[in-house]
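What follows is a short report on a single structure.
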Amino acid sequence: MRTPRLLLEGRPLQPGPCEFDGDAVHHLARVLRRRPGDAVILCDGQGTAFEGVIEMLDAKRCQVRLEQACEDTESPLELRLGLALLRGERMDYVLQKTCELGVTHIDLLLTERVEVRLDGKRLANRIKHFEGVLAHAFQQSGRTRLPLLSPPQRLADWLDGLGGAASRTSPLPQKQRRLILDPKGATLSQRDSAESFTLASGPEGGFEDAEVALLAAAGFERVRLGRRVLRAETAPVAALSVLQWLYGDFGQP
């Protein structure tokens, strides 16, 4: 039986007893049906995870004795995804799968063809939902670092906020690459030994020509994955898979 992983975000973890309450207790007791004596892994979402044993578990509280630090399962790549907002389950799918694939940052983008309109309470509720999707994917995939999620912003503001190495007039450091998923771009191929990627993925219908020009001026390469057009929810998942194979840990034993 696979040892369950629980995220206690922002909670410092160290060997010894660890007591907690809240949704994690309900998930452990009611959903996973674990009992005292069962093994569990607790993670803080910032790179620390410990194997432990449940010592006490009731409807409201749980105490776990943390014993041994877990192996770091993170990819050696830094993968930043600028993701145009998608509708409904398509958005959940991209968040879930890119988390499993090792994305480190997800920046939500508002582009010309984005049809999703969020503001006020509705925006706050959707962000909370997105964070829940990422947390579940984080636990299921056995990661040790939870991807950082930024609220929706305009494409131009995102480019300005990349800062430093993101200057539109300065060349990128040798180990960094920026990519736009564009069916008219060049085939994505391995080049040098890049360690950091920023990937811009558009909405249904893709980026407008002016947006592609804006990205290109900021150092983004136009790349495609084969000769077929991929859907907005498929393209970033496929691209991150290729990057993990070419540069990351997919080829490691």
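Labels for the structure tokens follow display order: chains A, B, ..., residues from 1 in each chain, ligands from 1.
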
With only C-alpha atoms counted and 9 Å as the cut-off, give the residues of segment 100-175 of chain A in contact with segment 35-44 of chain A, each with its shortest interatomic distance in Å and the pair that gives it, as a tab-separated table.
residue	atom	partner	partner_atom	distance
A:Gln139	CA	A:Cys43	CA	8.5
A:Arg143	CA	A:Cys43	CA	8.8
A:Thr144	CA	A:Cys43	CA	6.5
A:Arg145	CA	A:Asp44	CA	7.9
A:Leu146	CA	A:Asp44	CA	8.5

Just-selected residues, N, CA and C atoms written as a PDB file, in the first residue's frame:
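Once everything was written out, this is result.pdb:
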ATOM      1  N   GLN A 139       0.614  16.297  -3.718  1.00  0.00           N
ATOM      2  CA  GLN A 139       0.614  15.139  -2.820  1.00  0.00           C
ATOM      3  C   GLN A 139       0.644  13.834  -3.604  1.00  0.00           C
ATOM      4  N   ARG A 143       5.948  15.080  -4.891  1.00  0.00           N
ATOM      5  CA  ARG A 143       6.891  16.194  -4.928  1.00  0.00           C
ATOM      6  C   ARG A 143       7.185  16.710  -3.521  1.00  0.00           C
ATOM      7  N   THR A 144       8.244  17.510  -3.426  1.00  0.00           N
ATOM      8  CA  THR A 144       8.592  18.122  -2.146  1.00  0.00           C
ATOM      9  C   THR A 144       8.448  19.642  -2.163  1.00  0.00           C
ATOM     10  N   ARG A 145       8.299  20.234  -3.355  1.00  0.00           N
ATOM     11  CA  ARG A 145       8.090  21.690  -3.446  1.00  0.00           C
ATOM     12  C   ARG A 145       6.779  21.970  -4.186  1.00  0.00           C
ATOM     13  N   LEU A 146       5.926  22.745  -3.564  1.00  0.00           N
ATOM     14  CA  LEU A 146       4.655  23.118  -4.158  1.00  0.00           C
ATOM     15  C   LEU A 146       4.884  24.250  -5.152  1.00  0.00           C
TER      16      LEU A 146
END

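For Leu118 of chain A, the set of protein, DNA and RNA residues having any atom at most 12 Å away, when counting only C-alpha atoms and skipping those fewer than 3 positions along the same chain, is Leu85, Leu86, Arg87, Leu108, Leu109, Leu110, Val114, Glu115, Lys121, Arg122, Leu123, Ala124, Asn125, Arg126, Ile127, Pro151, Pro152 and Gln153 of chain A.
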
Report task. If you run DSSP over the backbone, which residues in segment 12-246 of chain A end up helix (DSSP H, G or I)? Put them as JSON, numbers by chain. Result -> {"A": [23, 24, 25, 26, 27, 28, 29, 30, 31, 88, 89, 90, 91, 92, 93, 94, 95, 96, 97, 98, 99, 100, 120, 121, 122, 123, 124, 125, 126, 127, 128, 129, 130, 131, 132, 133, 134, 135, 136, 137, 138, 139, 140, 141, 155, 156, 157, 158, 159, 160, 161, 162, 164, 165, 166, 209, 210, 211, 212, 213, 214, 215, 216, 217, 235, 236, 237, 238, 239, 240, 241, 242, 243, 244, 245, 246]}

Report task. Report the distance between atom CA of Leu83 of chain A and atom CA of Ser201 of chain A in Å, rounded to one decimal place. Result -> 5.1 Å

**Report entry** Contact residues around Cys62 of chain A with only C-alpha atoms at 7 Å, ignoring same-chain residues under 4 positions, as a list in words
**Finding:**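 Final neighbour list, sorted by chain and number: Glu19, Phe20, Asp21, Val25, Met56, Leu57 and Asp58 of chain A.
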
Requested in this report: Would you mind listing what lies within 8 Å of Leu77 of chain A as a PyMOL selection string, with only C-alpha atoms counted and same-chain residues fewer than 5 positions away left out?
Outcome: chain A and resi 195-197+244+247-248

Query raised in the report: From the list A:Arg65, A:Arg33, A:Arg80, A:Arg113, which residue is nearest Arg177 of chain A when using only C-alpha atoms?
Result: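 Of A:Arg65, A:Arg33, A:Arg80, A:Arg113, the one nearest Arg177 of chain A is A:Arg80, counting only C-alpha atoms.
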
Query - Residue set, segment 22-110 of chain A restricted to strand (DSSP E), as JSON, numbers by chain - result: {"A": [39, 40, 41, 42, 43, 49, 50, 51, 52, 53, 54, 55, 56, 57, 61, 62, 63, 64, 65, 66, 67, 68, 69, 78, 79, 80, 81, 82, 83, 84, 105, 106, 107, 108, 109, 110]}

Query raised in the report: Between A:Ala218, A:Leu95, A:Leu188, A:Leu181, which one has atoms that come closest to Leu155 of chain A, using only C-alpha atoms?
Result: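 Checking each of A:Ala218, A:Leu95, A:Leu188, A:Leu181 against Leu155 of chain A, counting only C-alpha atoms, the winner is A:Ala218.
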
Report task. May I have the residues within 12 Å of Ser189 of chain A as a ChimeraX atom specification, using only C-alpha atoms and disregarding those fewer than 3 positions away in the same chain? Result -> /A:177,179,185-186,192-194,221-226,239,242-243,245-247

Next, dump the selected residues to file, keeping only N, CA and C atoms, as a PDB file, in the first residue's frame.
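Contents of the output file selection_36.pdb:
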ATOM      1  N   ARG A 177      16.413  29.705 -21.149  1.00  0.00           N
ATOM      2  CA  ARG A 177      15.725  29.802 -22.429  1.00  0.00           C
ATOM      3  C   ARG A 177      14.279  30.221 -22.192  1.00  0.00           C
ATOM      4  N   LEU A 179      10.520  30.263 -24.220  1.00  0.00           N
ATOM      5  CA  LEU A 179       9.861  29.610 -25.344  1.00  0.00           C
ATOM      6  C   LEU A 179       8.405  30.031 -25.444  1.00  0.00           C
ATOM      7  N   GLY A 185       6.267  28.119 -35.290  1.00  0.00           N
ATOM      8  CA  GLY A 185       7.647  28.251 -34.848  1.00  0.00           C
ATOM      9  C   GLY A 185       8.537  27.123 -35.327  1.00  0.00           C
ATOM     10  N   ALA A 186       9.799  27.154 -34.895  1.00  0.00           N
ATOM     11  CA  ALA A 186      10.760  26.101 -35.221  1.00  0.00           C
ATOM     12  C   ALA A 186      10.548  24.908 -34.308  1.00  0.00           C
ATOM     13  N   ASP A 192      22.607  23.249 -26.066  1.00  0.00           N
ATOM     14  CA  ASP A 192      23.468  23.539 -24.914  1.00  0.00           C
ATOM     15  C   ASP A 192      22.953  22.798 -23.667  1.00  0.00           C
ATOM     16  N   SER A 193      23.157  23.385 -22.497  1.00  0.00           N
ATOM     17  CA  SER A 193      22.776  22.723 -21.241  1.00  0.00           C
ATOM     18  C   SER A 193      21.917  23.667 -20.402  1.00  0.00           C
ATOM     19  N   ALA A 194      20.785  24.063 -20.931  1.00  0.00           N
ATOM     20  CA  ALA A 194      19.900  24.981 -20.220  1.00  0.00           C
ATOM     21  C   ALA A 194      19.386  24.356 -18.932  1.00  0.00           C
ATOM     22  N   GLU A 221      11.673  32.372 -27.812  1.00  0.00           N
ATOM     23  CA  GLU A 221      11.800  31.657 -29.086  1.00  0.00           C
ATOM     24  C   GLU A 221      10.450  31.046 -29.456  1.00  0.00           C
ATOM     25  N   ARG A 222      10.099  31.126 -30.728  1.00  0.00           N
ATOM     26  CA  ARG A 222       8.865  30.505 -31.209  1.00  0.00           C
ATOM     27  C   ARG A 222       9.159  29.051 -31.547  1.00  0.00           C
ATOM     28  N   VAL A 223       8.538  28.130 -30.833  1.00  0.00           N
ATOM     29  CA  VAL A 223       8.796  26.706 -31.045  1.00  0.00           C
ATOM     30  C   VAL A 223       7.471  25.957 -31.200  1.00  0.00           C
ATOM     31  N   ARG A 224       7.552  24.837 -31.897  1.00  0.00           N
ATOM     32  CA  ARG A 224       6.386  23.983 -32.066  1.00  0.00           C
ATOM     33  C   ARG A 224       6.749  22.550 -31.720  1.00  0.00           C
ATOM     34  N   LEU A 225       5.732  21.749 -31.481  1.00  0.00           N
ATOM     35  CA  LEU A 225       5.902  20.332 -31.151  1.00  0.00           C
ATOM     36  C   LEU A 225       5.287  19.512 -32.284  1.00  0.00           C
ATOM     37  N   GLY A 226       6.087  19.180 -33.263  1.00  0.00           N
ATOM     38  CA  GLY A 226       5.570  18.416 -34.391  1.00  0.00           C
ATOM     39  C   GLY A 226       4.770  19.262 -35.351  1.00  0.00           C
ATOM     40  N   ALA A 239       4.885  20.095 -23.889  1.00  0.00           N
ATOM     41  CA  ALA A 239       6.154  20.835 -23.909  1.00  0.00           C
ATOM     42  C   ALA A 239       6.986  20.551 -22.666  1.00  0.00           C
ATOM     43  N   VAL A 242       8.611  17.172 -22.902  1.00  0.00           N
ATOM     44  CA  VAL A 242       9.788  17.177 -23.777  1.00  0.00           C
ATOM     45  C   VAL A 242      10.987  17.799 -23.057  1.00  0.00           C
ATOM     46  N   LEU A 243      10.763  18.914 -22.360  1.00  0.00           N
ATOM     47  CA  LEU A 243      11.862  19.570 -21.651  1.00  0.00           C
ATOM     48  C   LEU A 243      12.438  18.679 -20.556  1.00  0.00           C
ATOM     49  N   TRP A 245      12.494  15.495 -20.628  1.00  0.00           N
ATOM     50  CA  TRP A 245      13.251  14.421 -21.290  1.00  0.00           C
ATOM     51  C   TRP A 245      14.594  14.939 -21.812  1.00  0.00           C
ATOM     52  N   LEU A 246      14.600  16.103 -22.427  1.00  0.00           N
ATOM     53  CA  LEU A 246      15.834  16.628 -23.018  1.00  0.00           C
ATOM     54  C   LEU A 246      16.809  17.155 -21.974  1.00  0.00           C
ATOM     55  N   TYR A 247      16.284  17.812 -20.927  1.00  0.00           N
ATOM     56  CA  TYR A 247      17.157  18.509 -19.989  1.00  0.00           C
ATOM     57  C   TYR A 247      16.979  18.066 -18.532  1.00  0.00           C
TER      58      TYR A 247
END

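Interatomic distance, atom CA of Leu215 of chain A to atom CA of Pro236 of chain A: 16.3 Å.
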
Query - Coordinates-based distance that separates atom CA of Asp107 of chain A from atom CA of Gly206 of chain A (Å, one decimal) - result: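 Result for atom CA of Gly206 of chain A versus atom CA of Asp107 of chain A: 16.7 Å, one decimal.
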
Report task. Go through A:Phe250, A:Phe50, A:Phe138, A:Trp158 one by one, measure the shortest atom-to-atom distance of each to Leu66 of chain A using only C-alpha atoms, and give the residue with the smallest value. Result ->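 Using only C-alpha atoms, Leu66 of chain A sits closest to A:Phe50.
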